Amino acid sequence: MSTASAPLPQFGPGRHLLSVSQFNREGLEALFALADLVEPIAQRRSVCTVLDGAVLGSLFFEPSTRTRLSFESAFLRLGGEVTTTTGVTFSSMAKGESIEDTSRVISGYSDVMVVRHPDEGSVAQFASASTVPVLNAGDGAGEHPSQALLDTYTLIRELGARGRDLDGATIAVVGDLRFGRTVHSLIKLLSIHDGITFRLYSPPSLHLPDAIAEHARAHGNTIIVCDSVVEALEGADVVYATRVQRERMTEELHSSVRGSLLDRERLEQAGVDQHIIIMHPLPRDSRHDAFDLSNDVDDLPGLSIFKQTDNGLLVRMALFLTALGCSADSVRATLKQRPWKAELDWELG
Ligand code: NCD
């Protein structure tokens, strides 16, 4: 895990975001209040220029679609500008430049950086040499804090819509629990809530690292390891599925994991309510025989995977506002109506 030896400070103005351990309940509530506030801006019903003149350095050394684009869109929605580099091949790291040198250089061109890198602990290394806040967009099999934050935000909203609290919820977590960094961060972050029961299912070779399970237990939550997806679904309010992280394992290990992970048949077999909240960090592997969430659940009312992606924009906007010390009032002060869209009644079809 990307945890330094000394505890990381709570996330706030001028701070790096490396791990979900930087949030307590109070910090989470403040972040989510900001996320609620910016929803009309994310939906392009109004325009905000609070980050006028600010520059984001967006550095993705590993494949990404939604994380990069939602971080960049979040910054643009707040009136900032974005500079970006993707892949090692097109950066000077291909010439042997160190993480520290790259970080120092890009931080001279930016007010905040978002970094994804294939090595666990590498984003903390970036942060150690940066003169501006660095937000971890995924460090190998380590952590993915912004994903866990948007997942938690979505969980609170979806459970709330069903008259339920996150405290006391039962959450089935299925798939690649060993290499899936979103699951590592999510279980750690949810552990600051009370009375959560995690029902885990993964093939034996892809079990959750003991340290994460211990973390949840040490915070008074319950971990139940199940032998099948159907067993994991028993009594669950939510099921969170993950893709097999093929890029982090041998071909031999990958080829041992085949067949559908979660599909309609298994949900029916488990007898779950058809409104069960179905989540996945995406991308899901929709190829034939991929061990992942099947597309045959897509018309179920509880499917929340695209709510997660939409909410990702709000939560990432809130992260930028927090890191750059912008208050709710400063956002309100730069809000403008957006007449061109309001006046057009767009009908797509
Ligand atoms: C995840 C990641 O990169 O860890 N994707 C994402 O950021 N939403 C999950 C994955 O790649 O399986």
# chains A, B, ... in the order shown; residues from 1 in each chain; ligands from 1

$ select_by_dssp --residues "segment 116-172 of chain A" --states "alpha helix (DSSP H)" --output "list in words"
Ser122, Val123, Ala124, Gln125, Phe126, Ala127, Ser128, Ala129, Pro145, Ser146, Gln147, Ala148, Leu149, Leu150, Asp151, Thr152, Tyr153, Thr154, Leu155, Ile156, Arg157, Glu158, Leu159, Gly160 and Ala161 of chain A

$ residues_around --residues "Ser130 of chain A" --least-positions-apart "6" --cutoff "10 Å" --atoms "only C-alpha atoms" --output "ChimeraX atom specification"
/A:16,100-108,112-113,124

$ write_last_selection --atoms "C-alpha atoms" --output "compact mmCIF listing (two decimals), in the first residue's frame"
# COMPACT_ATOMS: atom_id res chain seq x y z
CA HIS A 16 -1.28 15.84 -1.20
CA GLU A 100 11.60 13.06 -8.51
CA ASP A 101 13.06 15.09 -11.41
CA THR A 102 9.87 14.75 -13.46
CA SER A 103 7.79 15.78 -10.48
CA ARG A 104 9.89 18.85 -9.68
CA VAL A 105 9.76 19.97 -13.33
CA ILE A 106 5.99 19.56 -13.80
CA SER A 107 5.21 21.13 -10.44
CA GLY A 108 6.97 24.25 -11.77
CA VAL A 112 -1.82 20.94 -8.69
CA MET A 113 -0.92 17.55 -10.21
CA ALA A 124 4.09 9.24 -2.84

$ select_by_dssp --residues "segment 117-157 of chain A" --states "strand (DSSP E)" --output "PDB file with all heavy atoms, in the first residue's frame"
ATOM      1  N   HIS A 117       0.408   5.921 -11.852  1.00  0.00           N
ATOM      2  CA  HIS A 117       1.669   5.247 -12.182  1.00  0.00           C
ATOM      3  C   HIS A 117       1.541   3.767 -11.836  1.00  0.00           C
ATOM      4  O   HIS A 117       0.864   3.434 -10.853  1.00  0.00           O
ATOM      5  CB  HIS A 117       2.813   5.910 -11.385  1.00  0.00           C
ATOM      6  CG  HIS A 117       4.176   5.527 -11.832  1.00  0.00           C
ATOM      7  ND1 HIS A 117       4.757   4.331 -11.480  1.00  0.00           N
ATOM      8  CD2 HIS A 117       5.076   6.170 -12.612  1.00  0.00           C
ATOM      9  CE1 HIS A 117       5.965   4.270 -12.023  1.00  0.00           C
ATOM     10  NE2 HIS A 117       6.190   5.363 -12.722  1.00  0.00           N
ATOM     11  N   VAL A 134      -0.250  16.958  -4.893  1.00  0.00           N
ATOM     12  CA  VAL A 134      -0.327  15.834  -5.830  1.00  0.00           C
ATOM     13  C   VAL A 134      -1.498  14.948  -5.416  1.00  0.00           C
ATOM     14  O   VAL A 134      -1.602  14.557  -4.246  1.00  0.00           O
ATOM     15  CB  VAL A 134       0.982  15.004  -5.788  1.00  0.00           C
ATOM     16  CG1 VAL A 134       0.830  13.714  -6.599  1.00  0.00           C
ATOM     17  CG2 VAL A 134       2.155  15.828  -6.317  1.00  0.00           C
ATOM     18  N   LEU A 135      -2.370  14.638  -6.364  1.00  0.00           N
ATOM     19  CA  LEU A 135      -3.501  13.751  -6.078  1.00  0.00           C
ATOM     20  C   LEU A 135      -3.238  12.394  -6.725  1.00  0.00           C
ATOM     21  O   LEU A 135      -2.932  12.326  -7.924  1.00  0.00           O
ATOM     22  CB  LEU A 135      -4.817  14.341  -6.617  1.00  0.00           C
ATOM     23  CG  LEU A 135      -5.147  15.800  -6.260  1.00  0.00           C
ATOM     24  CD1 LEU A 135      -6.556  16.155  -6.750  1.00  0.00           C
ATOM     25  CD2 LEU A 135      -5.057  16.050  -4.758  1.00  0.00           C
ATOM     26  N   ASN A 136      -3.347  11.344  -5.932  1.00  0.00           N
ATOM     27  CA  ASN A 136      -3.075   9.982  -6.397  1.00  0.00           C
ATOM     28  C   ASN A 136      -4.253   9.472  -7.231  1.00  0.00           C
ATOM     29  O   ASN A 136      -5.359   9.296  -6.718  1.00  0.00           O
ATOM     30  CB  ASN A 136      -2.863   9.084  -5.165  1.00  0.00           C
ATOM     31  CG  ASN A 136      -2.555   7.645  -5.506  1.00  0.00           C
ATOM     32  OD1 ASN A 136      -2.495   7.278  -6.686  1.00  0.00           O
ATOM     33  ND2 ASN A 136      -2.349   6.829  -4.489  1.00  0.00           N
ATOM     34  N   ALA A 137      -3.990   9.202  -8.516  1.00  0.00           N
ATOM     35  CA  ALA A 137      -5.045   8.668  -9.392  1.00  0.00           C
ATOM     36  C   ALA A 137      -4.856   7.174  -9.605  1.00  0.00           C
ATOM     37  O   ALA A 137      -5.354   6.612 -10.573  1.00  0.00           O
ATOM     38  CB  ALA A 137      -5.028   9.418 -10.722  1.00  0.00           C
ATOM     39  N   GLY A 138      -4.107   6.528  -8.692  1.00  0.00           N
ATOM     40  CA  GLY A 138      -3.879   5.085  -8.769  1.00  0.00           C
ATOM     41  C   GLY A 138      -2.399   4.790  -8.840  1.00  0.00           C
ATOM     42  O   GLY A 138      -1.733   5.213  -9.781  1.00  0.00           O
ATOM     43  N   ASP A 139      -1.877   4.085  -7.801  1.00  0.00           N
ATOM     44  CA  ASP A 139      -0.460   3.689  -7.828  1.00  0.00           C
ATOM     45  C   ASP A 139      -0.379   2.167  -7.781  1.00  0.00           C
ATOM     46  O   ASP A 139      -0.468   1.554  -6.732  1.00  0.00           O
ATOM     47  CB  ASP A 139       0.332   4.345  -6.676  1.00  0.00           C
ATOM     48  CG  ASP A 139      -0.133   3.949  -5.289  1.00  0.00           C
ATOM     49  OD1 ASP A 139      -1.365   3.832  -5.083  1.00  0.00           O
ATOM     50  OD2 ASP A 139       0.722   3.721  -4.414  1.00  0.00           O
TER      51      ASP A 139
END

$ closest_atom_pairs --of "chain A" --to "ligand 1" --cutoff "7 Å" --atoms "only C-alpha atoms and all ligand atoms" --output "Markdown table"
| residue | atom | partner | partner_atom_place_in_ligand_line | distance |
| --- | --- | --- | --- | --- |
| A:Ser64 | CA | ligand 1 | 3 (O) | 6.5 |
| A:Arg66 | CA | ligand 1 | 8 (N) | 6.3 |
| A:Thr67 | CA | ligand 1 | 7 (O) | 5.1 |
| A:Gly138 | CA | ligand 1 | 4 (O) | 6.1 |
| A:His144 | CA | ligand 1 | 4 (O) | 6.4 |
| A:Gln147 | CA | ligand 1 | 7 (O) | 6.4 |
| A:Gly180 | CA | ligand 1 | 4 (O) | 6.2 |
| A:Arg181 | CA | ligand 1 | 4 (O) | 5.5 |
| A:Thr182 | CA | ligand 1 | 4 (O) | 5.4 |
| A:Thr242 | CA | ligand 1 | 12 (O) | 6.1 |
| A:Arg243 | CA | ligand 1 | 12 (O) | 4.8 |
| A:Val244 | CA | ligand 1 | 12 (O) | 6.8 |
| A:Gln245 | CA | ligand 1 | 12 (O) | 6.0 |
| A:Pro281 | CA | ligand 1 | 8 (N) | 4.5 |
| A:Leu282 | CA | ligand 1 | 8 (N) | 4.9 |
| A:Pro283 | CA | ligand 1 | 12 (O) | 5.7 |
| A:Arg284 | CA | ligand 1 | 12 (O) | 6.9 |

$ residues_around --residues "segment 161-167 of chain A" --least-positions-apart "5" --cutoff "6 Å" --atoms "only C-alpha atoms" --output "number ranges by chain"
A: 156, 193-195

$ residues_around --residues "Leu300 of chain A" --least-positions-apart "2" --cutoff "9 Å" --atoms "only C-alpha atoms" --output "ChimeraX atom specification"
/A:274-276,278,296-298,302-303

$ closest_residue --among "A:Gln10, A:Ile99, A:Ser255, A:Ser185" --to "Gly27 of chain A" --atoms "only C-alpha atoms"
A:Gln10
